[in-house]
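Student: Can you keep this structure in mind? I'll have questions shortly.
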Amino acid sequence: MEITQLIKVGVSKAVEALYQHSVSATDILVSATRKEFEGDYTVVVFPFTKAARKAPPAIAEELGNYLVEHVEDIEAFNIIKGFLNLVVSNSYWSKFLSEVAGQEQYGKHPDNGERVVIEYSSPNTNKPLHLGHIRNNLLGWSMSQILTTAGYDVKRVQIINDRGIHICKSMLAWQKFGNGETPESSGMKGDHLVGKYYVAYNTEEKKQKAALAEAGKEDDEPTILTEAREMLLKWEDNDPEVRKLWEMMNGWVFSGFDTTYKRLGVSFDKLYYESQTYLLGKDAIDAGLEKKIFYTKEDGSVWIDLEDAKLDHKLVLRSDGTSVYMTQDIGTAQERFKDYKMDKSVYVVGNEQDHHFKVLFKILERLGASYADNLYHLSYGMVELPEGKMKSREGTVVDADDLMDEVVQIAKQESEERGDVADLPADRKQEVWRRIGLAALKYHMIRVSPRKTMVFDPKESVDIQGQSGPFIQYSAVRANSVLKKAGDWGGDVSAYSTPESQEKDLMVMIKRYPDVIQEAVKNYDPSLVGNYAYELAKSYNKFYHDIRILKAESEAAKSFRLLLTQVVSRTLESALTLLGIEVPERM
RNA sequence: GGUCUCGUAGCUCAGCUGGAUAGAGCAGCUGACUUCUAAUCAGCAGGUCACAGGUUCGAACCCUGUCGGGAUCACCA
């Protein structure tokens, strides 16, 4: 049994024995002792005052004595007000360290037999990925890694919104103004090229609107919009020419997205295309009508009444019989279950769709879907710039590719100034810079809890000092460097019996790692792992600064510290991997 | 207007199911490289945890209300 559990059980028994009162071990609060105090773990004794009918310090005294006597690894204690600080034996720690070092993947849970499908990214195909997508992708990827580590069989999917009026707009503008331009002929990435024509469309539409307004006909539709609508109709009619154009331009976009995903380090097990799924869901509506879950209005439109769930009425089928977004999502959910028979579903989608997902989940529940209880909307806040929201109309959208370029460029500059990797061959240097730059960007985004709207300053995004990706990488690189210098090492760790506070601090941190992963799973929150990695790196830096490893005072101390270093390095690397961050060979 | 959500240092953010004197980083000031990598470490300064009540031995955290920011409430996707 692990130490915090031993303490809880011990306290539970002590309370029973001393005060004839039963407390469940799970209700007992055990936390790491704060640094300013002596001890490793702290029990809060206030909750027992009623049962004991004594002052907290007196209770702490009695509990402390009981624990020291009955729990093997508790060696001593001290009391500050109502807090009982326990000192864990040194032999426990050296045992713990050896155990962790012996594990192939510390923190990894064995398969739990459950499958979870996580949907993320899900872009439109009319323009390239931007800052908001980066947050989405990093959250999705990171969450999928965390779930995998927690023992789930994870399937990563996205649904690509490859049809609709917005794509037609890009297509139309390309036809009108493109002169046959292609990614090859222009040297542009496909998604950027298509994005360029989306902008061109909007410029033209604006121009026409202005002209109409001038002529006093502001209620008229601009002809270019009419044309776009017509194109959409042709698309739906399977017009061969429109379809061909559509396929060609979508192809450009997809290959552009692929490049971006690869650079970001994310991937998918399966792609769903809306062009293939948008007709799904109607069967479900029919079935729901039969079961009287939905009702039909006089005009033929189909609705669901969710007033009892405080969600109002919601349209699920238009009066002309065509589907709405909700219809498709119902269909896609069913399709996905058919494909994967998953136990859980996670949708990584921005918080502007909170309401949509509440309704969707409720409808699926009403329809009696077996998986309805295990749907989760991983909702995240918008990414804003210091000057406010990103507006594509105002050209303030931060492009994903540009941002990655910039961040790597800055890492390169910094690195060259320091000259730490100057002797590496060019390709390896490049790889180091890539890892550092991306780490800065990724950490910056993922350290904020998902739900919060975050402010992203591109200039400061490449934080390299303080709480940053490179800071954590640096600790890992240092640790690896020491291990390399140490050459062959081994030796009896248990012979070292007087760990310093910095060493104990590290061990307590390491011990927390599996719990942190569990918390991240429970809360669907990768930022917990990010913050943990930073804390661990910080502790290691302090240890590294204060204590000699290779020139330790004894062989036993040296072995112990090297083993500790190895465990820290592995844990840091593991935590960073969960965030999609790689450790460079040097920096 | 209804619903949801956020409000913690000049700025960006932590703060686990209520527990010790509310913590980091950046920015500002001060120290530490002949030592295992100074992308580091140590220190100073910076707070009415939006506000007001309530519950509790104990509240940044729970409840109620108020004020501010954001989102959403489409036969749009």
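Residue numbers start at 1 in each chain; chains themselves are named A, B, ... in the order of the structure tokens; ligands are numbered from 1 in the order shown.
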Near chain A, which residues of chain B fall within 12 Å when you count only C-alpha atoms (C1' of nucleotides), and what do they look like as a ChimeraX atom specification?

Tutor: /B:2-7,11-21,23-27,32-33,35-42,56-58,69-77

Student: Would you mind exporting the chosen residues as a PDB file, in the first residue's frame, restricted to C-alpha atoms (C1' of nucleotides)?

Tutor:
```
ATOM      1  C1'   G B   2     -33.175  33.788 -19.659  1.00  0.00           C
ATOM      2  C1'   U B   3     -29.123  30.323 -19.233  1.00  0.00           C
ATOM      3  C1'   C B   4     -23.912  29.221 -18.872  1.00  0.00           C
ATOM      4  C1'   U B   5     -19.139  31.006 -17.663  1.00  0.00           C
ATOM      5  C1'   C B   6     -15.133  34.022 -15.847  1.00  0.00           C
ATOM      6  C1'   G B   7     -13.385  38.036 -12.123  1.00  0.00           C
ATOM      7  C1'   C B  11       0.779  41.903 -16.756  1.00  0.00           C
ATOM      8  C1'   U B  12       0.029  36.312 -17.690  1.00  0.00           C
ATOM      9  C1'   C B  13      -1.641  32.525 -14.677  1.00  0.00           C
ATOM     10  C1'   A B  14      -1.622  28.465 -10.241  1.00  0.00           C
ATOM     11  C1'   G B  15      -4.333  27.530  -5.879  1.00  0.00           C
ATOM     12  C1'   C B  16      -6.423  19.569  -5.588  1.00  0.00           C
ATOM     13  C1'   U B  17     -12.713  17.110  -2.612  1.00  0.00           C
ATOM     14  C1'   G B  18     -13.279  24.100   2.332  1.00  0.00           C
ATOM     15  C1'   G B  19      -7.569  23.840   6.160  1.00  0.00           C
ATOM     16  C1'   A B  20      -1.448  26.681   8.241  1.00  0.00           C
ATOM     17  C1'   U B  21       1.157  33.401   6.911  1.00  0.00           C
ATOM     18  C1'   G B  23       1.541  31.110  -4.557  1.00  0.00           C
ATOM     19  C1'   A B  24       4.516  31.138  -9.416  1.00  0.00           C
ATOM     20  C1'   G B  25       6.391  33.493 -13.836  1.00  0.00           C
ATOM     21  C1'   C B  26       7.018  38.164 -16.462  1.00  0.00           C
ATOM     22  C1'   A B  27       8.091  43.293 -15.784  1.00  0.00           C
ATOM     23  C1'   A B  32      25.451  34.231  -7.031  1.00  0.00           C
ATOM     24  C1'   C B  33      29.181  31.434 -12.984  1.00  0.00           C
ATOM     25  C1'   U B  35      32.269  24.231  -9.610  1.00  0.00           C
ATOM     26  C1'   C B  36      27.570  18.369 -12.631  1.00  0.00           C
ATOM     27  C1'   U B  37      24.930  23.584 -18.501  1.00  0.00           C
ATOM     28  C1'   A B  38      23.505  30.919 -15.159  1.00  0.00           C
ATOM     29  C1'   A B  39      17.593  29.081 -20.649  1.00  0.00           C
ATOM     30  C1'   U B  40      19.646  28.464 -13.572  1.00  0.00           C
ATOM     31  C1'   C B  41      19.543  29.753  -8.242  1.00  0.00           C
ATOM     32  C1'   A B  42      18.769  33.126  -3.907  1.00  0.00           C
ATOM     33  C1'   U B  56     -18.568  26.716   9.147  1.00  0.00           C
ATOM     34  C1'   C B  57     -14.005  25.661  14.413  1.00  0.00           C
ATOM     35  C1'   G B  58     -12.064  27.457   9.546  1.00  0.00           C
ATOM     36  C1'   G B  69     -16.203  40.824 -18.848  1.00  0.00           C
ATOM     37  C1'   G B  70     -17.354  36.835 -22.310  1.00  0.00           C
ATOM     38  C1'   A B  71     -20.471  33.167 -24.621  1.00  0.00           C
ATOM     39  C1'   U B  72     -25.180  31.457 -25.942  1.00  0.00           C
ATOM     40  C1'   C B  73     -30.541  31.422 -26.512  1.00  0.00           C
ATOM     41  C1'   A B  74     -31.341  30.863 -35.513  1.00  0.00           C
ATOM     42  C1'   C B  75     -35.663  26.717 -40.400  1.00  0.00           C
ATOM     43  C1'   C B  76     -26.465  29.722 -39.798  1.00  0.00           C
ATOM     44  C1'   A B  77     -22.702  26.285 -40.151  1.00  0.00           C
TER      45        A B  77
END
```

Student: Name the residues in contact with stretch 263-267 of chain A at a cut-off of 9 Å, using only C-alpha atoms (C1' of nucleotides), excluding same-chain residues fewer than 3 positions from it; report them as a ChimeraX atom specification.

Tutor: /A:134,137-138,140-141,156-157,258-260,401,404,438,442,580-581

Student: For the residues selected in the previous step, produce a file with all heavy atoms as a short mmCIF file (atom, residue, chain, number, x, y, z; two decimals), in the first residue's frame.

Tutor:
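Saved to result32.cif:
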```
data_model
loop_
_atom_site.label_atom_id
_atom_site.label_comp_id
_atom_site.auth_asym_id
_atom_site.auth_seq_id
_atom_site.Cartn_x
_atom_site.Cartn_y
_atom_site.Cartn_z
N ILE A 134 -4.95 25.91 -32.68
CA ILE A 134 -3.79 25.39 -31.96
C ILE A 134 -4.19 24.99 -30.56
O ILE A 134 -3.84 23.92 -30.07
CB ILE A 134 -2.64 26.43 -31.93
CG1 ILE A 134 -2.09 26.62 -33.34
CG2 ILE A 134 -1.53 25.97 -31.00
CD1 ILE A 134 -0.85 27.47 -33.42
N ASN A 137 -6.17 21.78 -30.86
CA ASN A 137 -5.34 20.62 -31.19
C ASN A 137 -4.47 20.17 -30.03
O ASN A 137 -4.31 18.98 -29.79
CB ASN A 137 -4.44 20.95 -32.39
CG ASN A 137 -5.15 20.70 -33.70
OD1 ASN A 137 -5.13 19.60 -34.23
ND2 ASN A 137 -5.81 21.71 -34.22
N LEU A 138 -3.90 21.14 -29.33
CA LEU A 138 -3.03 20.78 -28.22
C LEU A 138 -3.83 20.14 -27.09
O LEU A 138 -3.40 19.17 -26.48
CB LEU A 138 -2.26 22.00 -27.72
CG LEU A 138 -1.27 22.59 -28.72
CD1 LEU A 138 -0.60 23.82 -28.16
CD2 LEU A 138 -0.22 21.55 -29.11
N GLY A 140 -6.68 18.53 -27.44
CA GLY A 140 -7.14 17.24 -27.91
C GLY A 140 -6.03 16.20 -27.88
O GLY A 140 -6.20 15.09 -27.36
N TRP A 141 -4.90 16.59 -28.41
CA TRP A 141 -3.78 15.66 -28.46
C TRP A 141 -3.35 15.28 -27.05
O TRP A 141 -3.19 14.10 -26.71
CB TRP A 141 -2.60 16.28 -29.21
CG TRP A 141 -1.40 15.41 -29.16
CD1 TRP A 141 -0.32 15.58 -28.35
CD2 TRP A 141 -1.17 14.21 -29.90
NE1 TRP A 141 0.58 14.57 -28.55
CE2 TRP A 141 0.09 13.71 -29.50
CE3 TRP A 141 -1.90 13.52 -30.86
CZ2 TRP A 141 0.62 12.54 -30.03
CZ3 TRP A 141 -1.36 12.35 -31.38
CH2 TRP A 141 -0.11 11.87 -30.97
N ARG A 156 -8.51 8.76 -31.83
CA ARG A 156 -8.57 10.19 -32.13
C ARG A 156 -9.25 10.39 -33.49
O ARG A 156 -8.85 9.80 -34.48
CB ARG A 156 -7.17 10.78 -32.18
CG ARG A 156 -6.45 10.73 -30.85
CD ARG A 156 -5.05 11.28 -30.99
NE ARG A 156 -4.28 10.46 -31.88
CZ ARG A 156 -3.52 9.45 -31.50
NH1 ARG A 156 -3.41 9.15 -30.23
NH2 ARG A 156 -2.86 8.75 -32.38
N VAL A 157 -10.27 11.21 -33.49
CA VAL A 157 -10.98 11.45 -34.75
C VAL A 157 -11.23 12.95 -34.93
O VAL A 157 -11.13 13.73 -33.98
CB VAL A 157 -12.35 10.72 -34.79
CG1 VAL A 157 -12.18 9.23 -34.53
CG2 VAL A 157 -13.32 11.32 -33.78
N ASP A 258 -2.41 18.66 -43.39
CA ASP A 258 -1.51 17.56 -43.01
C ASP A 258 -0.16 18.09 -42.56
O ASP A 258 0.40 17.65 -41.56
CB ASP A 258 -1.30 16.62 -44.20
CG ASP A 258 -2.36 15.54 -44.24
OD1 ASP A 258 -3.12 15.47 -43.27
OD2 ASP A 258 -2.42 14.80 -45.22
N THR A 259 0.36 19.01 -43.34
CA THR A 259 1.66 19.60 -43.01
C THR A 259 1.62 20.26 -41.64
O THR A 259 2.51 20.09 -40.81
CB THR A 259 2.04 20.63 -44.08
OG1 THR A 259 1.93 20.02 -45.36
CG2 THR A 259 3.46 21.13 -43.87
N THR A 260 0.57 21.02 -41.43
CA THR A 260 0.44 21.73 -40.15
C THR A 260 0.32 20.75 -38.99
O THR A 260 0.96 20.91 -37.95
CB THR A 260 -0.78 22.67 -40.18
OG1 THR A 260 -0.68 23.52 -41.32
CG2 THR A 260 -0.85 23.52 -38.92
N ASP A 401 0.74 28.28 -38.97
CA ASP A 401 2.05 28.03 -39.59
C ASP A 401 3.02 29.17 -39.31
O ASP A 401 4.18 28.93 -38.95
CB ASP A 401 1.88 27.86 -41.11
CG ASP A 401 1.05 26.63 -41.44
OD1 ASP A 401 1.35 25.55 -40.89
OD2 ASP A 401 0.11 26.75 -42.24
N MET A 404 4.30 29.03 -35.75
CA MET A 404 5.30 28.00 -35.51
C MET A 404 6.66 28.42 -36.09
O MET A 404 7.70 28.23 -35.47
CB MET A 404 4.84 26.66 -36.09
CG MET A 404 3.79 25.99 -35.21
SD MET A 404 3.44 24.29 -35.68
CE MET A 404 2.26 24.52 -36.99
N LEU A 438 8.83 24.97 -30.36
CA LEU A 438 7.49 24.40 -30.21
C LEU A 438 7.13 24.20 -28.74
O LEU A 438 5.98 24.38 -28.35
CB LEU A 438 7.39 23.08 -30.97
CG LEU A 438 7.23 23.26 -32.49
CD1 LEU A 438 7.26 21.91 -33.19
CD2 LEU A 438 5.93 23.97 -32.81
N LYS A 442 3.75 25.51 -27.19
CA LYS A 442 2.80 24.54 -26.66
C LYS A 442 2.57 24.74 -25.17
O LYS A 442 1.44 24.73 -24.68
CB LYS A 442 3.30 23.12 -26.91
CG LYS A 442 3.27 22.73 -28.38
CD LYS A 442 3.70 21.29 -28.56
CE LYS A 442 3.65 20.88 -30.03
NZ LYS A 442 3.97 19.46 -30.21
N GLY A 580 2.78 16.78 -25.53
CA GLY A 580 3.25 16.89 -26.91
C GLY A 580 4.56 17.64 -27.04
O GLY A 580 4.87 18.17 -28.10
N ILE A 581 5.33 17.68 -25.97
CA ILE A 581 6.61 18.40 -25.99
C ILE A 581 7.76 17.40 -25.93
O ILE A 581 7.74 16.47 -25.13
CB ILE A 581 6.70 19.39 -24.81
CG1 ILE A 581 5.62 20.45 -24.95
CG2 ILE A 581 8.09 20.02 -24.73
CD1 ILE A 581 5.52 21.41 -23.77
#
```

Student: Residues within 12 Å of A:Arg243, please, as a PyMOL selection string. Count only C-alpha atoms (C1' of nucleotides); anything in the same chain fewer than 6 positions from it doesn't count.

Tutor: chain A and resi 162-163+167-168+171+231-237+249-251+275

Student: Go ahead and dump the residues you just picked, C-alpha atoms, as an mmCIF file, in the first residue's frame.

Tutor:
```cif
data_model
loop_
_atom_site.group_PDB
_atom_site.id
_atom_site.type_symbol
_atom_site.label_atom_id
_atom_site.label_comp_id
_atom_site.auth_asym_id
_atom_site.auth_seq_id
_atom_site.Cartn_x
_atom_site.Cartn_y
_atom_site.Cartn_z
ATOM 1 C CA ASP A 162 -15.783 20.146 -46.078
ATOM 2 C CA ARG A 163 -19.103 21.294 -47.445
ATOM 3 C CA ILE A 167 -16.304 26.452 -49.204
ATOM 4 C CA CYS A 168 -18.306 27.558 -52.197
ATOM 5 C CA MET A 171 -14.283 28.117 -54.910
ATOM 6 C CA MET A 231 -22.933 26.880 -56.523
ATOM 7 C CA LEU A 232 -23.947 25.189 -53.308
ATOM 8 C CA LEU A 233 -27.154 23.997 -54.954
ATOM 9 C CA LYS A 234 -25.142 22.617 -57.858
ATOM 10 C CA TRP A 235 -22.859 20.909 -55.393
ATOM 11 C CA GLU A 236 -25.838 19.283 -53.747
ATOM 12 C CA ASP A 237 -27.089 18.260 -57.177
ATOM 13 C CA MET A 249 -9.486 22.639 -53.792
ATOM 14 C CA ASN A 250 -10.305 20.430 -50.828
ATOM 15 C CA GLY A 251 -7.302 18.336 -51.823
ATOM 16 C CA SER A 275 -19.859 15.743 -47.055
#
```

Student: With distances taken over only C-alpha atoms, which residue among A:Ser554, A:Gln502, A:Thr296, A:Gln566 lies nearest A:Lys35?

Tutor: A:Gln502

Student: If we count only C-alpha atoms (C1' of nucleotides), what is near A:His313 at a cut-off of 9 Å, once residues fewer than 5 positions away on the same chain are taken out, given as an NGL selection string?

Tutor: :A and (303-307)

Student: Restrict the selected residues to all heavy atoms and save them as a short mmCIF file (atom, residue, chain, number, x, y, z; two decimals), in the first residue's frame.

Tutor:
```cif
data_model
loop_
_atom_site.label_atom_id
_atom_site.label_comp_id
_atom_site.auth_asym_id
_atom_site.auth_seq_id
_atom_site.Cartn_x
_atom_site.Cartn_y
_atom_site.Cartn_z
N TRP A 303 -39.41 19.13 -34.02
CA TRP A 303 -38.85 19.75 -32.83
C TRP A 303 -38.77 18.78 -31.67
O TRP A 303 -39.43 17.76 -31.65
CB TRP A 303 -39.71 20.95 -32.39
CG TRP A 303 -39.78 22.05 -33.41
CD1 TRP A 303 -40.45 22.02 -34.60
CD2 TRP A 303 -39.14 23.32 -33.32
NE1 TRP A 303 -40.27 23.22 -35.26
CE2 TRP A 303 -39.47 24.03 -34.50
CE3 TRP A 303 -38.34 23.94 -32.37
CZ2 TRP A 303 -39.01 25.33 -34.75
CZ3 TRP A 303 -37.89 25.23 -32.61
CH2 TRP A 303 -38.22 25.91 -33.79
N ILE A 304 -37.96 19.18 -30.71
CA ILE A 304 -37.98 18.44 -29.45
C ILE A 304 -38.22 19.44 -28.32
O ILE A 304 -37.73 20.57 -28.36
CB ILE A 304 -36.66 17.65 -29.22
CG1 ILE A 304 -36.77 16.82 -27.93
CG2 ILE A 304 -35.45 18.58 -29.16
CD1 ILE A 304 -35.70 15.75 -27.81
N ASP A 305 -39.02 19.01 -27.38
CA ASP A 305 -39.34 19.86 -26.23
C ASP A 305 -38.42 19.49 -25.07
O ASP A 305 -38.51 18.41 -24.52
CB ASP A 305 -40.81 19.65 -25.83
CG ASP A 305 -41.15 20.43 -24.57
OD1 ASP A 305 -40.27 21.15 -24.05
OD2 ASP A 305 -42.31 20.31 -24.12
N LEU A 306 -37.54 20.40 -24.73
CA LEU A 306 -36.59 20.12 -23.65
C LEU A 306 -36.79 21.06 -22.48
O LEU A 306 -35.88 21.34 -21.71
CB LEU A 306 -35.14 20.23 -24.16
CG LEU A 306 -34.72 19.19 -25.21
CD1 LEU A 306 -33.34 19.52 -25.75
CD2 LEU A 306 -34.74 17.79 -24.62
N GLU A 307 -38.02 21.58 -22.37
CA GLU A 307 -38.28 22.56 -21.32
C GLU A 307 -38.04 21.99 -19.93
O GLU A 307 -37.53 22.67 -19.05
CB GLU A 307 -39.71 23.08 -21.43
CG GLU A 307 -39.77 24.37 -22.22
CD GLU A 307 -41.19 24.83 -22.45
OE1 GLU A 307 -42.07 24.45 -21.64
OE2 GLU A 307 -41.43 25.54 -23.44
#
```
